[in-house]
file final.cif (mmCIF, C-alpha atoms and all ligand atoms)
data_coords
#
loop_
_atom_site.label_atom_id
_atom_site.label_comp_id
_atom_site.auth_asym_id
_atom_site.auth_seq_id
_atom_site.Cartn_x
_atom_site.Cartn_y
_atom_site.Cartn_z
CA MET Z 11 125.01 113.32 77.54
CA GLU Z 12 125.09 116.53 79.53
CA ILE Z 13 122.47 118.91 80.86
CA ASN Z 14 123.19 122.33 79.36
CA LYS Z 15 120.11 124.46 80.03
CA ILE Z 16 117.25 124.73 82.52
CA GLU Z 17 114.15 126.83 82.00
CA ALA Z 18 111.36 127.33 84.53
CA TYR Z 19 107.99 129.00 83.93
CA SER Z 20 105.61 129.94 86.72
CA PHE Z 21 102.05 130.08 85.42
CA ARG Z 22 98.48 130.58 86.49
CA ILE Z 23 95.42 128.91 84.92
CA PRO Z 24 91.81 129.48 86.00
CA LEU Z 25 89.85 126.42 87.16
CA VAL Z 26 86.52 125.47 85.56
CA GLU Z 27 84.84 126.34 88.88
CA GLU Z 28 85.81 126.99 92.49
CA PHE Z 29 87.33 123.90 94.11
CA ARG Z 30 86.72 123.73 97.85
CA ILE Z 31 88.07 121.20 100.35
CA ALA Z 32 88.20 121.28 104.18
CA LEU Z 33 91.57 123.11 103.97
CA GLY Z 34 90.27 125.99 101.82
CA ALA Z 35 89.10 126.96 98.33
CA SER Z 36 90.82 127.86 95.06
CA VAL Z 37 89.63 129.34 91.78
CA GLU Z 38 92.90 129.03 89.89
CA HIS Z 39 95.92 126.77 89.65
CA THR Z 40 99.43 128.15 90.03
CA GLY Z 41 102.46 126.04 89.27
CA VAL Z 42 105.88 125.85 87.68
CA ILE Z 43 106.83 123.96 84.54
CA VAL Z 44 110.48 123.03 84.06
CA LYS Z 45 112.31 122.19 80.84
CA ILE Z 46 115.72 120.58 81.13
CA TYR Z 47 117.82 120.55 77.94
CA THR Z 48 120.71 118.27 77.04
CA ASP Z 49 123.56 118.54 74.55
CA GLU Z 50 121.95 115.65 72.59
CA GLY Z 51 118.81 117.67 71.92
CA ILE Z 52 116.64 115.69 74.33
CA ILE Z 53 114.39 117.90 76.46
CA GLY Z 54 112.81 116.73 79.73
CA LEU Z 55 109.56 118.16 81.11
CA GLY Z 56 108.81 118.50 84.81
CA GLU Z 57 106.24 120.25 86.92
CA ALA Z 58 105.91 121.59 90.44
CA ALA Z 59 102.46 122.06 91.98
CA PRO Z 60 103.38 123.85 95.21
CA SER Z 61 100.84 124.03 98.04
CA ALA Z 62 101.39 126.44 100.92
CA ARG Z 63 99.08 124.45 103.22
CA ILE Z 64 100.47 121.02 102.38
CA THR Z 65 104.09 121.28 101.19
CA GLY Z 66 104.86 124.78 102.52
CA GLU Z 67 105.77 126.04 99.06
CA THR Z 68 104.74 128.74 96.58
CA THR Z 69 105.71 129.27 92.94
CA GLU Z 70 108.28 131.81 94.17
CA THR Z 71 109.95 129.31 96.53
CA VAL Z 72 109.99 126.71 93.74
CA LEU Z 73 111.83 129.11 91.42
CA GLY Z 74 114.24 129.98 94.25
CA VAL Z 75 115.01 126.31 94.95
CA ILE Z 76 115.57 125.52 91.27
CA SER Z 77 117.97 128.45 91.07
CA LYS Z 78 119.80 127.19 94.16
CA LEU Z 79 120.06 123.61 92.87
CA LYS Z 80 121.01 124.39 89.25
CA GLY Z 81 124.67 123.55 89.96
CA LEU Z 82 123.71 119.91 90.64
CA LEU Z 83 122.17 119.68 87.19
CA LEU Z 84 124.16 121.78 84.70
CA GLY Z 85 126.98 119.63 83.30
CA ALA Z 86 125.59 116.43 84.87
CA CYS Z 87 124.74 113.29 82.88
CA PRO Z 88 121.01 112.54 83.36
CA LEU Z 89 121.65 108.79 83.01
CA GLU Z 90 123.13 108.98 86.50
CA TYR Z 91 119.63 109.89 87.63
CA ARG Z 92 119.68 108.18 91.03
CA ARG Z 93 122.79 110.04 92.13
CA ILE Z 94 121.49 113.38 90.84
CA ILE Z 95 118.02 113.03 92.38
CA GLU Z 96 119.38 111.79 95.72
CA ASN Z 97 121.83 114.73 95.76
CA ILE Z 98 118.96 117.12 95.09
CA ASP Z 99 116.98 115.50 97.93
CA ASN Z 100 119.92 115.87 100.35
CA SER Z 101 120.80 119.43 99.36
CA ILE Z 102 117.78 121.16 100.82
CA ILE Z 103 115.24 120.12 103.43
CA GLY Z 104 111.60 120.00 102.34
CA ASN Z 105 110.52 121.78 99.15
CA PRO Z 106 109.20 118.54 97.67
CA SER Z 107 107.31 119.94 94.68
CA ALA Z 108 110.40 121.85 93.46
CA LYS Z 109 112.40 118.62 93.77
CA ALA Z 110 109.61 116.72 92.00
CA ALA Z 111 109.79 119.03 88.97
CA LEU Z 112 113.52 118.32 88.55
CA ASP Z 113 113.18 114.57 89.25
CA MET Z 114 110.37 114.28 86.69
CA ALA Z 115 112.28 116.12 83.96
CA ILE Z 116 115.33 113.90 84.56
CA PHE Z 117 113.23 110.71 84.30
CA ASP Z 118 111.64 112.11 81.11
CA ILE Z 119 115.11 112.59 79.59
CA VAL Z 120 116.37 109.14 80.61
CA ALA Z 121 113.35 107.33 79.11
CA LYS Z 122 113.58 109.46 75.95
CA LYS Z 123 117.30 108.60 75.66
CA TYR Z 124 116.43 104.87 75.78
CA ASN Z 125 113.48 105.58 73.46
CA VAL Z 126 110.91 103.89 75.74
CA PRO Z 127 107.86 105.15 77.62
CA LEU Z 128 108.79 105.80 81.26
CA TYR Z 129 106.57 102.92 82.46
CA ARG Z 130 108.78 100.59 80.40
CA LEU Z 131 111.92 101.97 82.01
CA LEU Z 132 110.25 101.34 85.40
CA GLY Z 133 109.58 97.73 84.41
CA ALA Z 134 105.86 97.89 83.66
CA SER Z 135 103.83 96.83 80.63
CA GLU Z 136 100.39 98.37 81.23
CA ASN Z 137 99.85 101.99 80.18
CA SER Z 138 96.53 102.80 81.83
CA PHE Z 139 95.20 103.00 85.37
CA GLU Z 140 91.77 103.62 86.94
CA THR Z 141 91.14 106.93 88.63
CA SER Z 142 88.48 108.46 90.82
CA VAL Z 143 86.97 111.84 89.99
CA THR Z 144 86.55 114.28 92.86
CA ILE Z 145 83.50 116.23 94.02
CA GLY Z 146 84.58 119.21 96.13
CA ILE Z 147 82.69 120.73 99.04
CA MET Z 148 79.57 122.50 97.75
CA PRO Z 149 75.87 122.76 98.61
CA HIS Z 150 74.28 119.29 98.79
CA ASP Z 151 71.91 119.72 95.84
CA ARG Z 152 74.83 120.73 93.61
CA ALA Z 153 77.02 117.87 94.86
CA ILE Z 154 74.26 115.38 94.07
CA GLN Z 155 73.66 116.90 90.62
CA LYS Z 156 77.37 116.69 89.96
CA ALA Z 157 77.48 113.03 91.03
CA GLN Z 158 74.61 112.30 88.66
CA LYS Z 159 76.29 114.16 85.81
CA TYR Z 160 79.56 112.29 86.36
CA ILE Z 161 77.80 108.91 86.30
CA GLU Z 162 76.06 109.89 83.04
CA GLN Z 163 79.50 110.71 81.62
CA GLY Z 164 80.66 107.19 82.44
CA ILE Z 165 82.65 107.93 85.59
CA ARG Z 166 82.66 104.89 87.90
CA ILE Z 167 84.67 105.99 90.96
CA LEU Z 168 83.70 109.08 92.97
CA LYS Z 169 85.80 110.76 95.63
CA ILE Z 170 83.68 112.97 97.86
CA LYS Z 171 85.29 115.78 99.85
CA ILE Z 172 83.95 116.14 103.39
CA GLY Z 173 85.33 117.41 106.71
CA THR Z 174 83.59 120.73 107.39
CA ASN Z 175 80.35 119.63 109.09
CA ALA Z 176 80.03 116.14 110.58
CA PRO Z 177 76.20 115.75 110.69
CA LYS Z 178 75.74 117.28 107.23
CA ASP Z 179 78.56 115.15 105.81
CA ILE Z 180 76.74 112.01 106.99
CA GLU Z 181 73.54 113.22 105.30
CA LEU Z 182 75.37 114.04 102.07
CA LEU Z 183 77.07 110.66 101.82
CA LYS Z 184 73.75 108.85 102.36
CA LYS Z 185 72.08 110.95 99.64
CA ILE Z 186 74.92 110.38 97.20
CA ARG Z 187 74.91 106.61 97.70
CA GLN Z 188 71.14 106.62 97.19
CA THR Z 189 71.48 108.69 94.01
CA VAL Z 190 74.29 106.76 92.30
CA GLY Z 191 73.23 103.23 93.29
CA ASP Z 192 75.38 100.33 94.43
CA ASP Z 193 77.65 99.88 91.41
CA ILE Z 194 79.56 103.16 91.75
CA ARG Z 195 82.66 103.07 93.95
CA ILE Z 196 82.75 105.83 96.58
CA ARG Z 197 85.81 107.10 98.44
CA ILE Z 198 85.82 110.00 100.89
CA ASP Z 199 88.42 112.57 101.94
CA ALA Z 200 88.13 114.79 105.02
CA ASN Z 201 91.42 116.68 104.43
CA GLN Z 202 92.16 116.85 108.21
CA GLY Z 203 88.80 118.53 108.89
CA TYR Z 204 87.59 116.49 111.87
CA THR Z 205 88.55 115.96 115.47
CA THR Z 206 89.11 112.32 116.35
CA LYS Z 207 85.63 112.07 117.88
CA GLN Z 208 83.90 113.72 114.92
CA ALA Z 209 85.72 111.41 112.52
CA ILE Z 210 84.66 108.30 114.45
CA ARG Z 211 81.07 109.55 114.53
CA VAL Z 212 80.94 110.20 110.78
CA LEU Z 213 82.67 107.00 109.76
CA ARG Z 214 80.53 104.78 112.01
CA ALA Z 215 77.39 106.42 110.62
CA VAL Z 216 78.36 105.66 107.02
CA GLU Z 217 79.73 102.14 107.48
CA GLY Z 218 76.72 100.66 105.65
CA LEU Z 219 77.36 102.73 102.52
CA ASP Z 220 80.20 100.61 101.11
CA ILE Z 221 82.82 103.36 101.32
CA GLU Z 222 86.15 102.09 99.94
CA PHE Z 223 88.30 104.22 102.26
CA CYS Z 224 88.53 107.57 104.02
CA GLU Z 225 91.54 109.83 103.48
CA GLN Z 226 93.10 111.86 106.29
CA PRO Z 227 90.20 112.33 108.75
CA VAL Z 228 92.30 114.29 111.31
CA HIS Z 229 95.15 116.82 111.45
CA TRP Z 230 98.31 115.70 109.63
CA ARG Z 231 100.44 115.85 112.78
CA ASP Z 232 97.93 113.84 114.84
CA ILE Z 233 99.24 110.33 114.20
CA ASP Z 234 97.71 109.09 117.49
CA GLY Z 235 94.33 110.49 116.43
CA LEU Z 236 94.64 108.80 113.04
CA ARG Z 237 95.31 105.50 114.79
CA GLU Z 238 92.40 106.06 117.18
CA VAL Z 239 90.00 106.65 114.27
CA ARG Z 240 91.33 103.57 112.52
CA MET Z 241 90.69 101.40 115.61
CA HIS Z 242 87.05 102.55 115.84
CA THR Z 243 85.73 102.04 112.33
CA GLU Z 244 85.68 99.27 109.79
CA ILE Z 245 86.17 101.78 106.94
CA PRO Z 246 89.84 101.65 105.90
CA ILE Z 247 91.78 104.79 106.86
CA MET Z 248 94.23 106.23 104.35
CA ALA Z 249 97.00 108.57 105.54
CA ASP Z 250 97.49 111.42 103.08
CA GLU Z 251 98.80 114.72 104.47
CA SER Z 252 100.49 112.76 107.31
CA VAL Z 253 102.81 111.03 104.82
CA HIS Z 254 105.10 113.06 102.60
CA THR Z 255 108.40 111.15 102.59
CA PRO Z 256 109.51 107.50 102.82
CA ARG Z 257 110.42 108.20 106.46
CA ASP Z 258 106.86 109.41 107.19
CA ALA Z 259 105.49 106.23 105.66
CA ILE Z 260 107.63 104.10 107.97
CA GLU Z 261 106.45 106.14 110.98
CA VAL Z 262 102.75 105.72 110.14
CA ILE Z 263 103.17 102.01 109.46
CA LYS Z 264 105.13 101.41 112.68
CA ARG Z 265 102.48 103.20 114.71
CA GLU Z 266 99.69 101.23 112.95
CA ALA Z 267 97.99 104.56 112.25
CA ALA Z 268 96.60 103.81 108.79
CA ASP Z 269 95.36 100.92 106.65
CA MET Z 270 96.54 102.59 103.45
CA ILE Z 271 98.79 105.43 102.29
CA ASN Z 272 98.17 108.10 99.66
CA ILE Z 273 101.40 108.84 97.80
CA LYS Z 274 101.71 112.11 95.92
CA ILE Z 275 104.68 112.95 93.78
CA MET Z 276 104.44 116.57 94.99
CA LYS Z 277 104.66 115.53 98.66
CA ALA Z 278 107.30 112.84 98.14
CA GLY Z 279 109.68 115.03 96.12
CA GLY Z 280 109.43 113.13 92.84
CA ILE Z 281 109.10 109.79 91.12
CA LEU Z 282 112.08 108.16 92.84
CA ASN Z 283 110.77 108.86 96.35
CA ALA Z 284 107.21 107.95 95.33
CA LEU Z 285 108.52 104.53 94.27
CA LYS Z 286 110.47 104.21 97.52
CA ILE Z 287 107.27 104.80 99.53
CA ALA Z 288 105.36 102.29 97.41
CA ASP Z 289 108.10 99.70 97.93
CA ILE Z 290 108.17 100.28 101.70
CA CYS Z 291 104.39 99.79 101.76
CA ASP Z 292 104.69 96.69 99.60
CA VAL Z 293 107.06 95.12 102.12
CA TYR Z 294 104.47 95.67 104.86
CA GLY Z 295 101.48 94.60 102.74
CA ILE Z 296 99.99 98.11 102.82
CA LYS Z 297 98.04 99.23 99.77
CA CYS Z 298 98.60 102.70 98.34
CA GLN Z 299 96.83 105.24 96.26
CA ILE Z 300 98.68 107.65 94.07
CA GLY Z 301 96.97 111.02 94.26
CA CYS Z 302 97.62 114.48 92.93
CA MET Z 303 97.36 118.17 93.64
CA SER Z 304 95.90 120.46 91.02
CA GLU Z 305 98.38 119.38 88.30
CA THR Z 306 98.75 119.54 84.52
CA GLN Z 307 99.11 116.40 82.43
CA ILE Z 308 102.90 116.46 82.93
CA ALA Z 309 102.74 115.55 86.63
CA ILE Z 310 99.57 113.49 86.19
CA ALA Z 311 101.40 111.37 83.60
CA ALA Z 312 104.27 110.88 86.05
CA GLY Z 313 101.67 109.60 88.54
CA VAL Z 314 100.24 107.12 86.04
CA HIS Z 315 103.74 105.82 85.16
CA VAL Z 316 104.40 105.23 88.87
CA ALA Z 317 100.95 103.68 89.41
CA VAL Z 318 101.41 101.01 86.74
CA ALA Z 319 104.95 100.23 87.90
CA ALA Z 320 104.47 99.80 91.67
CA ARG Z 321 102.73 96.68 92.95
CA ALA Z 322 101.54 98.35 96.17
CA ILE Z 323 99.59 101.01 94.28
CA ALA Z 324 96.04 99.74 94.01
CA PHE Z 325 94.16 103.01 93.59
CA SER Z 326 94.68 106.33 91.87
CA ASP Z 327 93.17 109.77 92.19
CA LEU Z 328 94.73 111.50 89.21
CA ASP Z 329 92.06 113.92 88.08
CA GLY Z 330 93.60 117.35 88.83
CA TYR Z 331 94.06 118.28 85.17
CA LEU Z 332 90.37 117.74 84.39
CA PHE Z 333 89.37 120.83 86.38
CA MET Z 334 91.58 123.37 84.56
CA LYS Z 335 90.05 125.73 82.02
CA ASP Z 336 92.86 125.07 79.57
CA GLN Z 337 95.54 122.38 79.10
CA VAL Z 338 99.18 123.49 78.80
CA ALA Z 339 100.29 119.92 78.08
CA LEU Z 340 98.61 117.01 76.30
CA GLY Z 341 98.98 113.27 75.95
CA ILE Z 342 96.68 111.51 78.41
CA GLU Z 343 93.37 109.99 77.30
CA PHE Z 344 90.60 109.73 79.90
CA ASP Z 345 87.56 107.53 79.22
CA GLY Z 346 85.67 108.07 82.48
CA LEU Z 347 87.45 105.23 84.28
CA LYS Z 348 91.08 105.12 83.19
CA ASN Z 349 93.88 107.53 82.43
CA THR Z 350 95.79 106.09 79.46
CA LEU Z 351 99.34 107.10 78.60
CA PRO Z 352 100.50 107.39 75.01
CA SER Z 353 103.08 104.83 73.90
CA LYS Z 354 105.62 107.60 73.26
CA ALA Z 355 109.09 107.80 74.77
CA GLY Z 356 109.53 109.45 78.18
CA LEU Z 357 106.53 110.82 80.06
CA GLY Z 358 104.81 110.93 76.66
CA ILE Z 359 103.51 114.46 77.18
CA GLU Z 360 103.73 117.35 74.72
CA LEU Z 361 103.95 120.89 76.00
CA LYS Z 362 101.69 123.41 74.26
CA GLU Z 363 104.19 126.25 74.13
CA ASP Z 364 101.70 128.93 73.01
CA THR Z 365 99.22 128.04 75.72
CA LEU Z 366 101.94 128.05 78.37
CA LYS Z 367 103.09 131.46 77.14
CA LYS Z 368 99.55 132.79 77.51
CA TYR Z 369 99.43 131.83 81.20
CA THR Z 370 103.07 132.48 82.17
CA ILE Z 371 103.67 134.90 85.06
CA SER Z 372 107.48 134.80 85.12
CA SER Z 373 110.31 132.68 83.81
CA MET Z 374 113.97 131.86 84.51
CA LYS Z 375 116.73 130.43 82.36
CA PHE Z 376 120.10 128.96 83.34
CA GLU Z 377 122.68 127.93 80.77
CA GLY Z 378 126.22 126.58 80.66
CA ARG Z 379 128.10 123.93 82.54
CA LYS Z 380 127.58 125.29 86.06
MG MG Z 401 93.56 113.60 100.26
#
call {"tool": "encode", "arguments": {"input": "final.cif", "output": "structure tokens"}}
result
Amino acid sequence: MEINKIEAYSFRIPLVEEFRIALGASVEHTGVIVKIYTDEGIIGLGEAAPSARITGETTETVLGVISKLKGLLLGACPLEYRRIIENIDNSIIGNPSAKAALDMAIFDIVAKKYNVPLYRLLGASENSFETSVTIGIMPHDRAIQKAQKYIEQGIRILKIKIGTNAPKDIELLKKIRQTVGDDIRIRIDANQGYTTKQAIRVLRAVEGLDIEFCEQPVHWRDIDGLREVRMHTEIPIMADESVHTPRDAIEVIKREAADMINIKIMKAGGILNALKIADICDVYGIKCQIGCMSETQIAIAAGVHVAVAARAIAFSDLDGYLFMKDQVALGIEFDGLKNTLPSKAGLGIELKEDTLKKYTISSMKFEGRK
């Protein structure tokens, strides 16, 4: 089997409403969908969700990187996926979401070739995994209404975005716990918004609220600050923006800077690296979450396949697709608690070609052996 064509589509989809976190706000999702074709007629789907503030990428850089790396793919046999993906990883520094799109499409092809769902190829049997649903930064009355609405819809795990105003964040979390009662699981994410002292103040003030963990309270480069916060609160601290690669995970673990790690396929550079991080964490007894950016069901599905396969992954936050006005790809079922994958071969996701066309900004095509 040989790869004989690569297509990439950059696209833009409006969100249902503005999504604000401590790092900034967005009203639309921009990403790149990749289709990798083989001479056996098998087509792999991949997706890049670049983030200028987190991965240092844009849709334009993703297209540029795919163009640069096409020679590693055209003419290659996807069944040699480890070699291809590791070559991609070594060929250019950074650019993890562009790498993730290629990695994902290759895994999709390999599982389709063996006619099994990807989770089977990765050695798993379950096809569903619990997820939180996120409430962005918004006025308190709206955040509380939203929490109530989610609970009515059957959602059981809330992730509350904080990090812009320490005293108000404390107030908000108390009100939300009061509103939703004790049975709803609450996680919080400050997206680097606090200083070390602010983070300690907030976390100590909400220790009685049964918060499962707090993601990235301080700046991503401030590993000492992360450790300091961790030492001063009983709420588990999860490193998110501080950990992109397997190497970052080792650094955070060695410095005892976090209780948990949030893996994202877009930060790690794909499924293979996401699994490597999970396995490193497993060796150290560190629990992981698999999270997402704003992503369509293609990348979300990749996250669920990884979640069910890796023992260290105990939590997931794979809700990005729920906030888009339209779906360019389908396959996942969400019942309020779990994302369930179809039992189809590969990622199990179908691209809605017409919908993608409607939102496409630009596209590229590469054909031939090299
Ligand atoms: Mg986070």
call {"tool": "residues_near_point", "arguments": {"input": "final.cif", "point": "(102.8, 122.6, 93.7)", "cutoff": "12 Å", "atoms": "all atoms listed in the file", "output": "ChimeraX atom specification"}}
result
/Z:20-22,39-43,56-73,105-111,274-280,302-306,309,330
call {"tool": "write_last_selection", "arguments": {"input": "final.cif", "atoms": "C-alpha atoms", "output": "PDB file, in the coordinates of the input"}}
result
ATOM      1  CA  SER Z  20     105.610 129.940  86.720  1.00  0.00           C
ATOM      2  CA  PHE Z  21     102.050 130.080  85.420  1.00  0.00           C
ATOM      3  CA  ARG Z  22      98.480 130.580  86.490  1.00  0.00           C
ATOM      4  CA  HIS Z  39      95.920 126.770  89.650  1.00  0.00           C
ATOM      5  CA  THR Z  40      99.430 128.150  90.030  1.00  0.00           C
ATOM      6  CA  GLY Z  41     102.460 126.040  89.270  1.00  0.00           C
ATOM      7  CA  VAL Z  42     105.880 125.850  87.680  1.00  0.00           C
ATOM      8  CA  ILE Z  43     106.830 123.960  84.540  1.00  0.00           C
ATOM      9  CA  GLY Z  56     108.810 118.500  84.810  1.00  0.00           C
ATOM     10  CA  GLU Z  57     106.240 120.250  86.920  1.00  0.00           C
ATOM     11  CA  ALA Z  58     105.910 121.590  90.440  1.00  0.00           C
ATOM     12  CA  ALA Z  59     102.460 122.060  91.980  1.00  0.00           C
ATOM     13  CA  PRO Z  60     103.380 123.850  95.210  1.00  0.00           C
ATOM     14  CA  SER Z  61     100.840 124.030  98.040  1.00  0.00           C
ATOM     15  CA  ALA Z  62     101.390 126.440 100.920  1.00  0.00           C
ATOM     16  CA  ARG Z  63      99.080 124.450 103.220  1.00  0.00           C
ATOM     17  CA  ILE Z  64     100.470 121.020 102.380  1.00  0.00           C
ATOM     18  CA  THR Z  65     104.090 121.280 101.190  1.00  0.00           C
ATOM     19  CA  GLY Z  66     104.860 124.780 102.520  1.00  0.00           C
ATOM     20  CA  GLU Z  67     105.770 126.040  99.060  1.00  0.00           C
ATOM     21  CA  THR Z  68     104.740 128.740  96.580  1.00  0.00           C
ATOM     22  CA  THR Z  69     105.710 129.270  92.940  1.00  0.00           C
ATOM     23  CA  GLU Z  70     108.280 131.810  94.170  1.00  0.00           C
ATOM     24  CA  THR Z  71     109.950 129.310  96.530  1.00  0.00           C
ATOM     25  CA  VAL Z  72     109.990 126.710  93.740  1.00  0.00           C
ATOM     26  CA  LEU Z  73     111.830 129.110  91.420  1.00  0.00           C
ATOM     27  CA  ASN Z 105     110.520 121.780  99.150  1.00  0.00           C
ATOM     28  CA  PRO Z 106     109.200 118.540  97.670  1.00  0.00           C
ATOM     29  CA  SER Z 107     107.310 119.940  94.680  1.00  0.00           C
ATOM     30  CA  ALA Z 108     110.400 121.850  93.460  1.00  0.00           C
ATOM     31  CA  LYS Z 109     112.400 118.620  93.770  1.00  0.00           C
ATOM     32  CA  ALA Z 110     109.610 116.720  92.000  1.00  0.00           C
ATOM     33  CA  ALA Z 111     109.790 119.030  88.970  1.00  0.00           C
ATOM     34  CA  LYS Z 274     101.710 112.110  95.920  1.00  0.00           C
ATOM     35  CA  ILE Z 275     104.680 112.950  93.780  1.00  0.00           C
ATOM     36  CA  MET Z 276     104.440 116.570  94.990  1.00  0.00           C
ATOM     37  CA  LYS Z 277     104.660 115.530  98.660  1.00  0.00           C
ATOM     38  CA  ALA Z 278     107.300 112.840  98.140  1.00  0.00           C
ATOM     39  CA  GLY Z 279     109.680 115.030  96.120  1.00  0.00           C
ATOM     40  CA  GLY Z 280     109.430 113.130  92.840  1.00  0.00           C
ATOM     41  CA  CYS Z 302      97.620 114.480  92.930  1.00  0.00           C
ATOM     42  CA  MET Z 303      97.360 118.170  93.640  1.00  0.00           C
ATOM     43  CA  SER Z 304      95.900 120.460  91.020  1.00  0.00           C
ATOM     44  CA  GLU Z 305      98.380 119.380  88.300  1.00  0.00           C
ATOM     45  CA  THR Z 306      98.750 119.540  84.520  1.00  0.00           C
ATOM     46  CA  ALA Z 309     102.740 115.550  86.630  1.00  0.00           C
ATOM     47  CA  GLY Z 330      93.600 117.350  88.830  1.00  0.00           C
TER      48      GLY Z 330
END
call {"tool": "residues_around", "arguments": {"input": "final.cif", "residues": "range 77-83 of chain Z", "least_positions_apart": "4", "cutoff": "7 Å", "atoms": "all atoms listed in the file", "output": "PyMOL selection string"}}
result
chain Z and resi 13+73+94+98+380
call {"tool": "residues_near_ligand", "arguments": {"input": "final.cif", "ligand": "ligand MG 401 (chain Z)", "cutoff": "7 Å", "atoms": "only C-alpha atoms and all ligand atoms", "output": "JSON, numbers by chain"}}
result
{"Z": [199, 201, 225, 226, 250, 251]}
call {"tool": "residues_around", "arguments": {"input": "final.cif", "residues": "range 183-197 of chain Z", "least_positions_apart": "3", "cutoff": "7 Å", "atoms": "only C-alpha atoms", "output": "JSON, numbers by chain"}}
result
{"Z": [154, 158, 166, 167, 168, 169, 170, 179, 180, 219, 221, 222, 223, 224]}
call {"tool": "residues_around", "arguments": {"input": "final.cif", "residues": "Ile119 in chain Z", "least_positions_apart": "6", "cutoff": "10 Å", "atoms": "only C-alpha atoms", "output": "JSON, numbers by chain"}}
result
{"Z": [13, 46, 47, 48, 51, 52, 53, 54, 55, 88, 89, 91, 125, 128, 355, 356, 357]}
call {"tool": "decode", "arguments": {"input": "final.cif", "residues": "range 104-119 of chain Z", "atoms": "N, CA and C atoms", "output": "compact mmCIF listing (two decimals), in the first residue's frame"}}
result
# COMPACT_ATOMS: atom_id res chain seq x y z
N GLY Z 104 8.59 21.74 16.63
CA GLY Z 104 7.29 22.34 16.95
C GLY Z 104 6.21 21.95 15.95
N ASN Z 105 5.29 22.90 15.69
CA ASN Z 105 4.20 22.67 14.74
C ASN Z 105 3.38 21.40 15.05
N PRO Z 106 3.02 21.22 16.32
CA PRO Z 106 2.40 19.95 16.70
C PRO Z 106 1.04 19.67 16.08
N SER Z 107 0.22 20.71 15.83
CA SER Z 107 -1.11 20.39 15.30
C SER Z 107 -1.02 19.95 13.84
N ALA Z 108 -0.06 20.53 13.08
CA ALA Z 108 0.14 20.08 11.70
C ALA Z 108 0.58 18.61 11.70
N LYS Z 109 1.51 18.28 12.61
CA LYS Z 109 1.97 16.89 12.72
C LYS Z 109 0.83 15.96 13.13
N ALA Z 110 -0.04 16.49 14.03
CA ALA Z 110 -1.16 15.67 14.52
C ALA Z 110 -2.10 15.30 13.38
N ALA Z 111 -2.34 16.25 12.46
CA ALA Z 111 -3.26 15.98 11.36
C ALA Z 111 -2.74 14.81 10.51
N LEU Z 112 -1.43 14.79 10.26
CA LEU Z 112 -0.84 13.73 9.44
C LEU Z 112 -0.83 12.40 10.19
N ASP Z 113 -0.43 12.45 11.46
CA ASP Z 113 -0.39 11.26 12.32
C ASP Z 113 -1.78 10.60 12.38
N MET Z 114 -2.79 11.42 12.59
CA MET Z 114 -4.17 10.93 12.73
C MET Z 114 -4.65 10.25 11.44
N ALA Z 115 -4.37 10.89 10.31
CA ALA Z 115 -4.80 10.32 9.03
C ALA Z 115 -4.10 8.99 8.77
N ILE Z 116 -2.82 8.90 9.16
CA ILE Z 116 -2.08 7.65 8.97
C ILE Z 116 -2.68 6.54 9.84
N PHE Z 117 -2.96 6.86 11.11
CA PHE Z 117 -3.58 5.86 12.00
C PHE Z 117 -4.95 5.43 11.45
N ASP Z 118 -5.70 6.41 10.90
CA ASP Z 118 -7.02 6.08 10.33
C ASP Z 118 -6.86 5.06 9.20
N ILE Z 119 -5.86 5.28 8.34
CA ILE Z 119 -5.62 4.35 7.22
C ILE Z 119 -5.23 2.96 7.74
